[in-house]
Structure formats: structure tokens, C-alpha cells
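What follows is input_20.cif (mmCIF, C-alpha atoms).
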```cif
data_protein
#
loop_
_atom_site.group_PDB
_atom_site.id
_atom_site.type_symbol
_atom_site.label_atom_id
_atom_site.label_comp_id
_atom_site.auth_asym_id
_atom_site.auth_seq_id
_atom_site.Cartn_x
_atom_site.Cartn_y
_atom_site.Cartn_z
ATOM 1 C CA MET A 1 93.675 215.441 92.924
ATOM 2 C CA ASP A 2 93.662 215.942 96.659
ATOM 3 C CA VAL A 3 90.948 217.408 98.849
ATOM 4 C CA SER A 4 93.195 220.428 99.425
ATOM 5 C CA ASP A 5 93.181 221.080 95.643
ATOM 6 C CA LEU A 6 89.447 221.784 95.719
ATOM 7 C CA ASP A 7 88.788 225.465 96.303
ATOM 8 C CA LYS A 8 85.044 225.622 96.961
ATOM 9 C CA LYS A 9 83.135 224.475 100.049
ATOM 10 C CA PHE A 10 80.330 222.834 98.077
ATOM 11 C CA TYR A 11 79.987 221.347 94.601
ATOM 12 C CA LYS A 12 76.905 220.440 92.598
ATOM 13 C CA ILE A 13 76.557 216.943 91.200
ATOM 14 C CA SER A 14 77.503 218.101 87.686
ATOM 15 C CA ASP A 15 80.736 219.605 89.056
ATOM 16 C CA VAL A 16 81.609 216.392 90.905
ATOM 17 C CA ALA A 17 80.839 214.297 87.825
ATOM 18 C CA GLU A 18 83.179 216.471 85.772
ATOM 19 C CA ILE A 19 85.943 216.417 88.411
ATOM 20 C CA LEU A 20 85.838 212.625 88.699
ATOM 21 C CA GLY A 21 85.076 211.875 85.056
ATOM 22 C CA ILE A 22 81.990 209.781 85.770
ATOM 23 C CA PRO A 23 78.333 210.342 84.844
ATOM 24 C CA ALA A 24 76.032 212.082 87.325
ATOM 25 C CA SER A 25 73.726 209.059 87.104
ATOM 26 C CA THR A 26 76.525 206.904 88.532
ATOM 27 C CA LEU A 27 76.886 209.306 91.441
ATOM 28 C CA ARG A 28 73.155 209.158 92.137
ATOM 29 C CA PHE A 29 73.210 205.359 91.958
ATOM 30 C CA TRP A 30 76.228 205.082 94.266
ATOM 31 C CA GLU A 31 74.524 207.429 96.716
ATOM 32 C CA LYS A 32 71.723 204.872 97.023
ATOM 33 C CA GLN A 33 74.103 201.902 97.282
ATOM 34 C CA PHE A 34 76.774 203.245 99.651
ATOM 35 C CA THR A 35 75.793 204.526 103.069
ATOM 36 C CA ILE A 36 78.996 206.578 103.322
ATOM 37 C CA ILE A 37 77.997 208.867 100.442
ATOM 38 C CA LYS A 38 75.652 211.447 101.933
ATOM 39 C CA PRO A 39 75.739 214.823 100.168
ATOM 40 C CA ARG A 40 73.881 217.712 101.731
ATOM 41 C CA ARG A 41 70.671 218.857 100.094
ATOM 42 C CA ASN A 42 69.049 222.260 100.002
ATOM 43 C CA VAL A 43 65.354 223.123 100.165
ATOM 44 C CA LYS A 44 64.990 222.388 96.445
ATOM 45 C CA ASN A 45 66.577 218.943 97.008
ATOM 46 C CA ILE A 46 69.719 219.835 95.049
ATOM 47 C CA ARG A 47 72.771 217.857 96.146
ATOM 48 C CA PHE A 48 75.821 219.692 97.438
ATOM 49 C CA TYR A 49 79.048 217.744 97.887
ATOM 50 C CA THR A 50 81.885 218.799 100.184
ATOM 51 C CA PRO A 51 85.529 218.112 99.294
ATOM 52 C CA GLN A 52 85.420 215.258 101.846
ATOM 53 C CA ASP A 53 82.393 213.774 100.040
ATOM 54 C CA ILE A 54 84.358 213.922 96.789
ATOM 55 C CA GLU A 55 87.292 212.136 98.438
ATOM 56 C CA THR A 56 84.913 209.406 99.672
ATOM 57 C CA ILE A 57 83.484 208.996 96.170
ATOM 58 C CA ARG A 58 87.031 208.722 94.798
ATOM 59 C CA LYS A 59 87.633 205.813 97.200
ATOM 60 C CA VAL A 60 84.453 204.121 96.002
ATOM 61 C CA TYR A 61 85.576 204.728 92.413
ATOM 62 C CA TYR A 62 88.942 203.128 93.231
ATOM 63 C CA LEU A 63 87.295 200.031 94.696
ATOM 64 C CA VAL A 64 84.638 199.608 92.014
ATOM 65 C CA LYS A 65 86.219 200.830 88.792
ATOM 66 C CA GLU A 66 89.953 200.389 89.320
ATOM 67 C CA LYS A 67 90.068 197.397 91.645
ATOM 68 C CA GLY A 68 87.054 195.757 89.969
ATOM 69 C CA LEU A 69 85.004 194.936 93.054
ATOM 70 C CA LYS A 70 81.271 194.491 92.849
ATOM 71 C CA LEU A 71 79.212 197.060 94.746
ATOM 72 C CA ASP A 72 78.416 194.700 97.627
ATOM 73 C CA ALA A 73 82.064 193.712 97.988
ATOM 74 C CA ALA A 74 83.184 197.346 97.923
ATOM 75 C CA GLN A 75 80.606 198.254 100.578
ATOM 76 C CA GLU A 76 81.825 195.356 102.713
ATOM 77 C CA GLN A 77 85.475 196.403 102.297
ATOM 78 C CA ILE A 78 84.636 199.909 103.455
ATOM 79 C CA ARG A 79 82.524 198.670 106.360
ATOM 80 C CA ARG A 80 85.008 196.113 107.662
ATOM 81 C CA ASN A 81 88.378 197.598 106.873
ATOM 82 C CA ARG A 82 88.037 201.314 106.197
ATOM 83 C CA ALA A 83 91.490 202.218 107.538
ATOM 84 C CA ASN A 84 93.164 199.738 105.182
ATOM 85 C CA VAL A 85 91.114 200.985 102.221
ATOM 86 C CA ASP A 86 92.108 204.565 103.068
ATOM 87 C CA LYS A 87 95.807 203.649 103.270
ATOM 88 C CA ARG A 88 95.789 201.685 100.026
ATOM 89 C CA PHE A 89 93.919 204.459 98.243
ATOM 90 C CA GLU A 90 96.392 207.047 99.512
ATOM 91 C CA VAL A 91 99.383 204.972 98.373
ATOM 92 C CA ILE A 92 97.862 204.386 94.933
ATOM 93 C CA GLU A 93 97.180 208.106 94.525
ATOM 94 C CA ARG A 94 100.746 208.986 95.528
ATOM 95 C CA LEU A 95 102.134 206.459 93.063
ATOM 96 C CA LYS A 96 99.952 207.895 90.285
ATOM 97 C CA GLY A 97 101.312 211.347 91.092
ATOM 98 C CA ILE A 98 104.898 210.084 90.993
ATOM 99 C CA ARG A 99 104.240 208.322 87.687
ATOM 100 C CA GLN A 100 102.842 211.544 86.231
ATOM 101 C CA GLU A 101 105.877 213.528 87.408
ATOM 102 C CA LEU A 102 108.237 210.979 85.871
ATOM 103 C CA THR A 103 106.304 211.018 82.610
ATOM 104 C CA ASP A 104 106.497 214.822 82.556
ATOM 105 C CA ILE A 105 110.256 214.659 83.153
ATOM 106 C CA LEU A 106 110.687 212.139 80.318
ATOM 107 C CA ASP A 107 108.635 214.327 77.999
ATOM 108 C CA ALA A 108 110.716 217.359 78.904
ATOM 109 C CA MET A 109 113.930 215.428 78.309
ATOM 110 C CA GLY A 110 112.622 214.234 74.953
ATOM 111 C CA LYS A 111 111.972 217.821 73.882
ATOM 112 C CA LEU A 112 115.572 218.758 74.712
ATOM 113 C CA GLN A 113 116.988 216.274 72.225
#
```

Output the file's structure in the form of C-alpha cells.
Amino acid sequence: MDVSDLDKKFYKISDVAEILGIPASTLRFWEKQFTIIKPRRNVKNIRFYTPQDIETIRKVYYLVKEKGLKLDAAQEQIRRNRANVDKRFEVIERLKGIRQELTDILDAMGKLQ
């Protein structure tokens, strides 16, 4: 999912948790651990995430859950080499999309037989 796929300006924490497939408690914890995750808050202190915030959280998810880095190491990666993290994340996401397209094509071909 790309930022351009998101149609709203702001998302509540439950929406973001559902989009990313992670618990809301993880989002709250990561917000405390990572300085780059800063959702807006309203008067009632409810978090509102922008599509860019969601993209940032996806990068953190990639580093922590997929790449297996500890939180401190992921924070350091982002702090020291953000451009490289962004590029790697983008490439990985493109490859996942290509894999999904190929899988869909194989499934369609299998149904033809």
C-alpha cells in the first residue's frame, strides 16, 4: 500500500492499526520510542495520523518486524542513514508488489487449465 492509496487526510489509531495489521498498543509504544512518529492530537488527546505518518510507521515496521532490528538499532538506522532506509524500503515494497502480481498471474493461469 502506498501513501497515494490512502484516501483520507487523517486516520485514528484503530484505523492505522487495521491498515498495518499491528495492535494499537504497538503503535502507542513505538510513538514513545521513535522520535519520527508524531501524530497530531486534538483537544481530547485523540491521535490523528496523516498518510505520511502511516508511511513512516511502515518503515519502522519494516526495520523492526521484517528486518529483525531491535528498537534502538532501528532508531539509529533511521537517524544515521534515513535516505538509505527509505530507498531499501521502497525497493522491498516494489518487489512485494511484483511478487503479488506474478502470483495473481499464476493463479489466473492455473484456473485456465

> If you apply the PyMOL selection byres ((chain A and resi 65-70) around 12) to this file, what residues do you get, as a list in words?
Replying inline: Leu20, Gly21, Ile22, Thr26, Trp30, Gln33, Phe34, Ile57, Arg58, Lys59, Val60, Tyr61, Tyr62, Leu63, Val64, Leu71, Asp72, Ala73, Ala74, Gln75, Glu76, Gln77, Ile78, Val85, Arg88, Phe89, Ile92 and Glu93 of chain A

Residues selected by the PyMOL selection byres ((chain A and resi 11-15) around 6), written as an mmCIF file with C-alpha atoms, in the frame of the given file:
```cif
data_model
loop_
_atom_site.group_PDB
_atom_site.id
_atom_site.type_symbol
_atom_site.label_atom_id
_atom_site.label_comp_id
_atom_site.auth_asym_id
_atom_site.auth_seq_id
_atom_site.Cartn_x
_atom_site.Cartn_y
_atom_site.Cartn_z
ATOM 1 C CA PHE A 10 80.330 222.834 98.077
ATOM 2 C CA VAL A 16 81.609 216.392 90.905
ATOM 3 C CA ALA A 17 80.839 214.297 87.825
ATOM 4 C CA GLU A 18 83.179 216.471 85.772
ATOM 5 C CA PHE A 48 75.821 219.692 97.438
ATOM 6 C CA TYR A 49 79.048 217.744 97.887
#
```

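When only C-alpha atoms are used to measure the gap to A:Glu31, the shortest distance among A:Ile19, A:Lys96, A:Ile54, A:Ile105 belongs to A:Ile54.
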
>> I'd like the interatomic distance between atom CA of A:Asn84 and atom CA of A:Asp53, to a tenth of an Å.
In response: 18.4 Å

Let me know the centre plus edge lengths, in Å and rounded to one decimal, of a box with edges along x, y and z that contains all listed atoms of stretch 20-26 of chain A and is padded by 6 Å on every side, as lines of an AutoDock Vina configuration file.
```
center_x = 79.8
center_y = 209.8
center_z = 86.8
size_x = 24.1
size_y = 17.7
size_z = 15.9
```

>> Could you check the closest approach to A:Lys38 for each of A:Ser25, A:Gln100, A:Asn81, A:Thr50 and tell me which residue wins, using only C-alpha atoms?
In response: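 Going through A:Ser25, A:Gln100, A:Asn81, A:Thr50 one by one, the smallest distance to A:Lys38 is for A:Thr50.
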
> What gap, in Å, lies between atom CA of A:Lys9 and atom CA of A:Pro39?
Replying inline: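 Going from atom CA of A:Lys9 over to atom CA of A:Pro39 covers 12.2 Å.
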
> Between atom CA of A:Leu27 and atom CA of A:Arg41, what is the spacing in Å?
Replying inline: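 Atom CA of A:Leu27 lies 14.3 Å from atom CA of A:Arg41.
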
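Near (82.4, 207.6, 100.5), the residues that fall inside 6 Å on the basis of all atoms listed in the file are Ile36, Ile37, Thr56 and Ile57 of chain A.
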